[in-house]
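For reference, run-v6.csv (CSV, N, CA and C atoms):
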chain,number,residue,atom,x,y,z
Z,27,MET,N,50.2,-29.0,-56.8
Z,27,MET,CA,49.0,-29.6,-57.2
Z,27,MET,C,48.2,-28.6,-58.0
Z,28,PRO,N,47.8,-28.9,-59.2
Z,28,PRO,CA,47.1,-27.9,-60.1
Z,28,PRO,C,45.7,-27.5,-59.5
Z,29,SER,N,45.3,-26.3,-59.8
Z,29,SER,CA,44.0,-25.8,-59.4
Z,29,SER,C,42.9,-26.5,-60.1
Z,30,THR,N,41.8,-26.7,-59.4
Z,30,THR,CA,40.6,-27.3,-60.0
Z,30,THR,C,39.6,-26.3,-60.4
Z,31,ARG,N,39.9,-25.0,-60.3
Z,31,ARG,CA,38.9,-24.0,-60.7
Z,31,ARG,C,38.9,-23.9,-62.2
Z,32,LYS,N,37.7,-23.7,-62.8
Z,32,LYS,CA,37.6,-23.5,-64.2
Z,32,LYS,C,38.2,-22.2,-64.6
Z,33,LEU,N,38.7,-22.2,-65.8
Z,33,LEU,CA,39.2,-20.9,-66.4
Z,33,LEU,C,38.3,-20.3,-67.4
Z,34,SER,N,38.3,-19.0,-67.4
Z,34,SER,CA,37.5,-18.3,-68.4
Z,34,SER,C,38.2,-18.3,-69.8
Z,35,LYS,N,37.6,-17.8,-70.8
Z,35,LYS,CA,38.2,-17.7,-72.1
Z,35,LYS,C,39.5,-17.0,-72.1
Z,36,ARG,N,39.7,-16.1,-71.2
Z,36,ARG,CA,41.0,-15.3,-71.1
Z,36,ARG,C,42.0,-16.0,-70.2
Z,37,GLY,N,41.7,-17.2,-69.7
Z,37,GLY,CA,42.6,-17.9,-68.9
Z,37,GLY,C,42.6,-17.6,-67.4
Z,38,ALA,N,41.7,-16.7,-67.0
Z,38,ALA,CA,41.6,-16.3,-65.6
Z,38,ALA,C,40.6,-17.2,-64.9
Z,39,PRO,N,40.7,-17.4,-63.6
Z,39,PRO,CA,39.8,-18.2,-62.9
Z,39,PRO,C,38.4,-17.7,-63.0
Z,40,SER,N,37.4,-18.5,-63.3
Z,40,SER,CA,36.0,-18.0,-63.4
Z,40,SER,C,35.3,-18.1,-62.1
Z,41,GLY,N,34.1,-17.7,-62.0
Z,41,GLY,CA,33.4,-17.7,-60.7
Z,41,GLY,C,33.6,-16.3,-60.0
Z,42,PRO,N,32.9,-16.2,-58.9
Z,42,PRO,CA,32.9,-14.9,-58.2
Z,42,PRO,C,34.3,-14.5,-57.7
Z,43,PRO,N,34.7,-13.3,-57.8
Z,43,PRO,CA,35.9,-12.8,-57.2
Z,43,PRO,C,35.8,-12.8,-55.7
Z,44,ALA,N,37.0,-12.8,-55.1
Z,44,ALA,CA,37.0,-12.7,-53.6
Z,44,ALA,C,36.4,-11.5,-53.1
Z,45,SER,N,36.7,-10.3,-53.7
Z,45,SER,CA,36.1,-9.0,-53.3
Z,45,SER,C,36.3,-8.0,-54.4
Z,46,TRP,N,35.6,-6.9,-54.3
Z,46,TRP,CA,35.7,-5.8,-55.2
Z,46,TRP,C,36.2,-4.6,-54.5
Z,47,THR,N,36.8,-3.7,-55.2
Z,47,THR,CA,37.3,-2.5,-54.6
Z,47,THR,C,36.9,-1.3,-55.5
Z,48,VAL,N,36.5,-0.2,-54.8
Z,48,VAL,CA,36.2,1.1,-55.4
Z,48,VAL,C,37.5,1.9,-55.2
Z,49,TYR,N,38.0,2.5,-56.2
Z,49,TYR,CA,39.2,3.3,-56.0
Z,49,TYR,C,39.2,4.7,-56.7
Z,50,LEU,N,40.0,5.6,-56.2
Z,50,LEU,CA,40.2,6.9,-56.8
Z,50,LEU,C,41.6,7.0,-57.1
Z,51,LEU,N,41.9,7.5,-58.3
Z,51,LEU,CA,43.2,7.8,-58.8
Z,51,LEU,C,43.4,9.3,-58.8
Z,52,ARG,N,44.6,9.8,-58.5
Z,52,ARG,CA,44.9,11.2,-58.7
Z,52,ARG,C,45.8,11.3,-59.9
Z,53,CYS,N,45.3,12.0,-60.9
Z,53,CYS,CA,46.0,12.1,-62.2
Z,53,CYS,C,47.0,13.3,-62.1
Z,54,ARG,N,47.9,13.3,-63.2
Z,54,ARG,CA,49.0,14.3,-63.3
Z,54,ARG,C,48.4,15.7,-63.2
Z,55,ASP,N,47.3,15.9,-63.8
Z,55,ASP,CA,46.7,17.3,-63.8
Z,55,ASP,C,45.9,17.6,-62.5
Z,56,GLY,N,45.9,16.7,-61.5
Z,56,GLY,CA,45.2,16.9,-60.3
Z,56,GLY,C,43.8,16.4,-60.2
Z,57,SER,N,43.3,16.0,-61.4
Z,57,SER,CA,41.9,15.5,-61.4
Z,57,SER,C,41.8,14.1,-60.8
Z,58,LEU,N,40.6,13.7,-60.4
Z,58,LEU,CA,40.4,12.4,-59.8
Z,58,LEU,C,39.6,11.5,-60.7
Z,59,TYR,N,40.0,10.3,-60.7
Z,59,TYR,CA,39.3,9.2,-61.6
Z,59,TYR,C,38.8,8.2,-60.6
Z,60,CYS,N,37.5,7.8,-60.7
Z,60,CYS,CA,36.9,6.8,-59.9
Z,60,CYS,C,36.6,5.5,-60.7
Z,61,GLY,N,36.9,4.3,-60.2
Z,61,GLY,CA,36.6,3.1,-60.9
Z,61,GLY,C,36.5,2.0,-59.9
Z,62,ILE,N,36.2,0.8,-60.4
Z,62,ILE,CA,36.1,-0.4,-59.6
Z,62,ILE,C,36.9,-1.5,-60.2
Z,63,THR,N,37.4,-2.5,-59.4
Z,63,THR,CA,38.1,-3.6,-59.8
Z,63,THR,C,38.1,-4.7,-58.8
Z,64,ASN,N,38.4,-5.9,-59.3
Z,64,ASN,CA,38.6,-7.0,-58.3
Z,64,ASN,C,40.0,-7.4,-58.2
Z,65,ASP,N,40.9,-6.6,-58.8
Z,65,ASP,CA,42.4,-6.8,-58.6
Z,65,ASP,C,43.0,-5.4,-58.8
Z,66,VAL,N,43.3,-4.8,-57.6
Z,66,VAL,CA,43.8,-3.4,-57.6
Z,66,VAL,C,45.1,-3.3,-58.3
Z,67,GLU,N,46.1,-4.2,-58.0
Z,67,GLU,CA,47.4,-4.1,-58.6
Z,67,GLU,C,47.4,-4.3,-60.1
Z,68,ARG,N,46.6,-5.2,-60.6
Z,68,ARG,CA,46.5,-5.4,-62.0
Z,68,ARG,C,45.9,-4.2,-62.7
Z,69,ARG,N,44.9,-3.6,-62.1
Z,69,ARG,CA,44.2,-2.4,-62.6
Z,69,ARG,C,45.1,-1.2,-62.6
Z,70,LEU,N,45.9,-1.0,-61.5
Z,70,LEU,CA,46.8,0.1,-61.5
Z,70,LEU,C,47.9,0.0,-62.6
Z,71,GLU,N,48.4,-1.3,-62.8
Z,71,GLU,CA,49.3,-1.5,-63.9
Z,71,GLU,C,48.7,-1.2,-65.2
Z,72,ALA,N,47.5,-1.5,-65.4
Z,72,ALA,CA,46.8,-1.2,-66.7
Z,72,ALA,C,46.7,0.3,-66.9
Z,73,HIS,N,46.3,1.0,-65.8
Z,73,HIS,CA,46.3,2.5,-65.9
Z,73,HIS,C,47.6,3.0,-66.2
Z,74,ALA,N,48.7,2.6,-65.5
Z,74,ALA,CA,50.0,3.1,-65.7
Z,74,ALA,C,50.6,2.9,-67.1
Z,75,THR,N,50.1,1.8,-67.7
Z,75,THR,CA,50.6,1.6,-69.1
Z,75,THR,C,49.6,2.1,-70.2
Z,76,GLY,N,48.6,2.9,-69.7
Z,76,GLY,CA,47.7,3.5,-70.7
Z,76,GLY,C,46.7,2.6,-71.3
Z,77,LYS,N,46.4,1.4,-70.7
Z,77,LYS,CA,45.6,0.4,-71.3
Z,77,LYS,C,44.2,0.2,-70.5
Z,78,ALA,N,44.0,1.1,-69.5
Z,78,ALA,CA,42.8,0.9,-68.7
Z,78,ALA,C,41.6,1.8,-69.1
Z,79,SER,N,42.0,3.1,-69.3
Z,79,SER,CA,40.9,4.1,-69.4
Z,79,SER,C,41.4,5.2,-70.3
Z,80,ARG,N,40.5,5.6,-71.2
Z,80,ARG,CA,40.9,6.7,-72.1
Z,80,ARG,C,41.1,8.0,-71.3
Z,81,TYR,N,40.4,8.2,-70.3
Z,81,TYR,CA,40.5,9.4,-69.4
Z,81,TYR,C,41.9,9.5,-68.8
Z,82,THR,N,42.4,8.4,-68.2
Z,82,THR,CA,43.6,8.4,-67.5
Z,82,THR,C,44.8,8.3,-68.5
Z,83,ARG,N,44.6,7.7,-69.6
Z,83,ARG,CA,45.7,7.6,-70.6
Z,83,ARG,C,46.3,8.9,-71.0
Z,84,SER,N,45.6,10.0,-71.0
Z,84,SER,CA,46.1,11.3,-71.4
Z,84,SER,C,46.5,12.1,-70.1
Z,85,ARG,N,46.4,11.5,-69.0
Z,85,ARG,CA,46.8,12.2,-67.7
Z,85,ARG,C,47.8,11.4,-66.9
Z,86,LEU,N,48.6,10.7,-67.5
Z,86,LEU,CA,49.6,9.9,-66.8
Z,86,LEU,C,50.7,10.8,-66.3
Z,87,PRO,N,51.4,10.4,-65.2
Z,87,PRO,CA,51.2,9.3,-64.3
Z,87,PRO,C,50.0,9.5,-63.4
Z,88,VAL,N,49.4,8.4,-62.9
Z,88,VAL,CA,48.4,8.4,-61.9
Z,88,VAL,C,48.8,7.7,-60.7
Z,89,LYS,N,48.3,8.1,-59.6
Z,89,LYS,CA,48.6,7.5,-58.3
Z,89,LYS,C,47.3,7.1,-57.6
Z,90,LEU,N,47.4,6.0,-56.9
Z,90,LEU,CA,46.2,5.5,-56.1
Z,90,LEU,C,46.0,6.5,-54.9
Z,91,ALA,N,44.9,7.1,-54.8
Z,91,ALA,CA,44.6,8.1,-53.7
Z,91,ALA,C,43.7,7.5,-52.7
Z,92,TYR,N,42.9,6.5,-53.1
Z,92,TYR,CA,41.9,6.0,-52.1
Z,92,TYR,C,41.4,4.6,-52.6
Z,93,ALA,N,41.2,3.7,-51.7
Z,93,ALA,CA,40.6,2.4,-52.1
Z,93,ALA,C,39.7,2.0,-51.0
Z,94,GLU,N,38.5,1.4,-51.4
Z,94,GLU,CA,37.5,1.0,-50.4
Z,94,GLU,C,37.0,-0.4,-50.8
Z,95,PRO,N,37.2,-1.4,-50.0
Z,95,PRO,CA,36.7,-2.7,-50.4
Z,95,PRO,C,35.2,-2.8,-50.3
Z,96,GLN,N,34.7,-3.6,-51.2
Z,96,GLN,CA,33.2,-3.9,-51.2
Z,96,GLN,C,33.0,-5.4,-51.3
Z,97,PRO,N,31.9,-5.9,-50.7
Z,97,PRO,CA,31.7,-7.3,-50.7
Z,97,PRO,C,31.3,-7.9,-52.1
Z,98,THR,N,30.6,-7.1,-52.9
Z,98,THR,CA,30.1,-7.7,-54.2
Z,98,THR,C,30.3,-6.6,-55.3
Z,99,LYS,N,30.3,-7.1,-56.5
Z,99,LYS,CA,30.4,-6.2,-57.7
Z,99,LYS,C,29.2,-5.2,-57.6
Z,100,SER,N,28.1,-5.6,-57.3
Z,100,SER,CA,26.9,-4.7,-57.2
Z,100,SER,C,27.1,-3.6,-56.2
Z,101,ALA,N,27.6,-4.0,-55.0
Z,101,ALA,CA,27.9,-3.0,-54.0
Z,101,ALA,C,29.0,-2.0,-54.5
Z,102,ALA,N,30.0,-2.5,-55.2
Z,102,ALA,CA,31.1,-1.7,-55.7
Z,102,ALA,C,30.5,-0.7,-56.7
Z,103,LEU,N,29.7,-1.2,-57.6
Z,103,LEU,CA,29.1,-0.3,-58.6
Z,103,LEU,C,28.2,0.8,-58.0
Z,104,LYS,N,27.5,0.5,-57.0
Z,104,LYS,CA,26.6,1.4,-56.3
Z,104,LYS,C,27.5,2.5,-55.6
Z,105,ARG,N,28.5,2.0,-54.9
Z,105,ARG,CA,29.4,2.9,-54.2
Z,105,ARG,C,30.2,3.9,-55.2
Z,106,GLU,N,30.6,3.3,-56.4
Z,106,GLU,CA,31.2,4.1,-57.4
Z,106,GLU,C,30.3,5.2,-57.8
Z,107,VAL,N,29.1,4.9,-58.1
Z,107,VAL,CA,28.1,6.0,-58.5
Z,107,VAL,C,28.0,7.0,-57.4
Z,108,ALA,N,27.9,6.6,-56.2
Z,108,ALA,CA,27.7,7.5,-55.0
Z,108,ALA,C,28.9,8.4,-54.9
Z,109,ILE,N,30.1,7.9,-55.1
Z,109,ILE,CA,31.4,8.7,-55.0
Z,109,ILE,C,31.4,9.7,-56.2
Z,110,LYS,N,31.0,9.2,-57.4
Z,110,LYS,CA,31.1,10.1,-58.5
Z,110,LYS,C,30.1,11.3,-58.4
Z,111,ARG,N,29.1,11.1,-57.6
Z,111,ARG,CA,28.1,12.2,-57.4
Z,111,ARG,C,28.6,13.2,-56.3
Z,112,LEU,N,29.6,12.8,-55.6
Z,112,LEU,CA,30.2,13.8,-54.6
Z,112,LEU,C,30.9,14.9,-55.2
Z,113,THR,N,30.9,16.0,-54.5
Z,113,THR,CA,31.7,17.2,-55.1
Z,113,THR,C,33.2,16.8,-54.9
Z,114,ARG,N,34.0,17.6,-55.6
Z,114,ARG,CA,35.5,17.4,-55.5
Z,114,ARG,C,35.9,17.6,-54.0
Z,115,ARG,N,35.3,18.6,-53.4
Z,115,ARG,CA,35.7,18.9,-52.0
Z,115,ARG,C,35.4,17.7,-51.1
Z,116,HIS,N,34.3,17.0,-51.3
Z,116,HIS,CA,33.9,15.9,-50.5
Z,116,HIS,C,34.8,14.7,-50.8
Z,117,LYS,N,35.2,14.5,-52.1
Z,117,LYS,CA,36.1,13.4,-52.4
Z,117,LYS,C,37.5,13.7,-51.8
Z,118,GLN,N,37.9,14.9,-51.8
Z,118,GLN,CA,39.2,15.3,-51.1
Z,118,GLN,C,39.2,15.0,-49.6
Z,119,ALA,N,38.1,15.3,-49.0
Z,119,ALA,CA,37.9,15.0,-47.6
Z,119,ALA,C,37.9,13.5,-47.3
Z,120,MET,N,37.3,12.8,-48.2
Z,120,MET,CA,37.2,11.3,-48.1
Z,120,MET,C,38.7,10.7,-48.2
Z,121,ILE,N,39.4,11.3,-49.1
Z,121,ILE,CA,40.8,10.8,-49.3
Z,121,ILE,C,41.6,11.2,-48.0
Z,122,ALA,N,41.5,12.4,-47.5
Z,122,ALA,CA,42.2,12.8,-46.4
Z,122,ALA,C,41.9,12.0,-45.1
Z,123,ALA,N,40.7,11.6,-45.0
Z,123,ALA,CA,40.2,10.8,-43.8
Z,123,ALA,C,40.8,9.4,-43.8
Z,124,ARG,N,41.3,8.9,-44.9
Z,124,ARG,CA,41.8,7.5,-44.9
Z,124,ARG,C,43.2,7.5,-44.4
Kindly return the structure encoded in the file as structure tokens.
Amino acid sequence: MPSTRKLSKRGAPSGPPASWTVYLLRCRDGSLYCGITNDVERRLEAHATGKASRYTRSRLPVKLAYAEPQPTKSAALKREVAIKRLTRRHKQAMIAAR
């Protein structure tokens, strides 16, 4: 039975996503990259192929180091900002605690 959800211009289902995720990637040079997505697998694939971020494109390969679900995009953006403000030491501790 076909889906009755409307599709966006890109062909993806429109409307609110089920959930958002804040994630940290560990890059080849050991640096950490923080971002948000509503589809972790798709975003990791985009990072791996160099199509997601200029920062990670030059630091491939990247590995998922941390992921934290958030209920809304707004909450995910706020958490992303909070994580980016943390020191590297605190980010490492957060990763280790998971």
Hey, which bits of range 49-75 of chain Z sit within 7 Å of range 81-90 of chain Z, and for each residue what's the closest pair of atoms and how far apart in Å (one decimal), counting only C-alpha atoms, rows by chain and increasing number, as CSV?
residue,atom,partner,partner_atom,distance
Z:Leu50,CA,Z:Leu90,CA,6.2
Z:Leu51,CA,Z:Leu90,CA,4.6
Z:Arg52,CA,Z:Lys89,CA,5.2
Z:Cys53,CA,Z:Val88,CA,4.4
Z:Arg54,CA,Z:Arg85,CA,5.3
Z:Asp55,CA,Z:Arg85,CA,6.4
Z:His73,CA,Z:Thr82,CA,6.7
Z:Ala74,CA,Z:Pro87,CA,6.5
Checklist entry - Taking only N, CA and C atoms into account, which of Z:Cys60, Z:Ala122, Z:Thr47, Z:Glu94 comes nearest Ile109 in chain Z? => result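 Going through Z:Cys60, Z:Ala122, Z:Thr47, Z:Glu94 one by one, the smallest distance to Ile109 in chain Z is for Z:Cys60.
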Item to check | Computed interatomic separation between atom C of Ala102 in chain Z and atom N of Thr63 in chain Z (Å) | outcome: 7.6 Å
Next on the checklist: What's around Pro95 in chain Z at 7 Å? Count only C-alpha atoms, leave out sequence neighbours fewer than 4 positions away in its own chain, and write the answer as an MDAnalysis selection string.
Outcome noted: chainID Z and resid 45:48
Checklist entry - Which is closer to Lys110 in chain Z than all the others in Z:Gly56, Z:Thr75, Z:Arg69, Z:Gly61, using only C-alpha atoms? => result Z:Gly61
Next on the checklist: If DSSP is run on the backbone, what residues of range 30-124 of chain Z are helix (DSSP H, G or I)? A reply as a PyMOL selection string would be ideal.
Outcome noted: chain Z and resi 66-74+80-83+99-111+114-123
Next on the checklist: Can you tell me which residues surround Met120 in chain Z at a distance of at most 8 Å, considering only N, CA and C atoms, apart from same-chain residues fewer than 5 positions away, and format the answer as a ChimeraX atom specification?
Outcome noted: /Z:91-92,114-115
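If you look at CA of Gly76 in chain Z and CA of Asn64 in chain Z, they are 18.6 Å away from each other.
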Next on the checklist: When DSSP is applied to the backbone of this structure, which of range 33-109 of chain Z are assigned strand (DSSP E or B)? Write them out as a ChimeraX atom specification.
Outcome noted: /Z:33,39,46-52,58-63,89-96
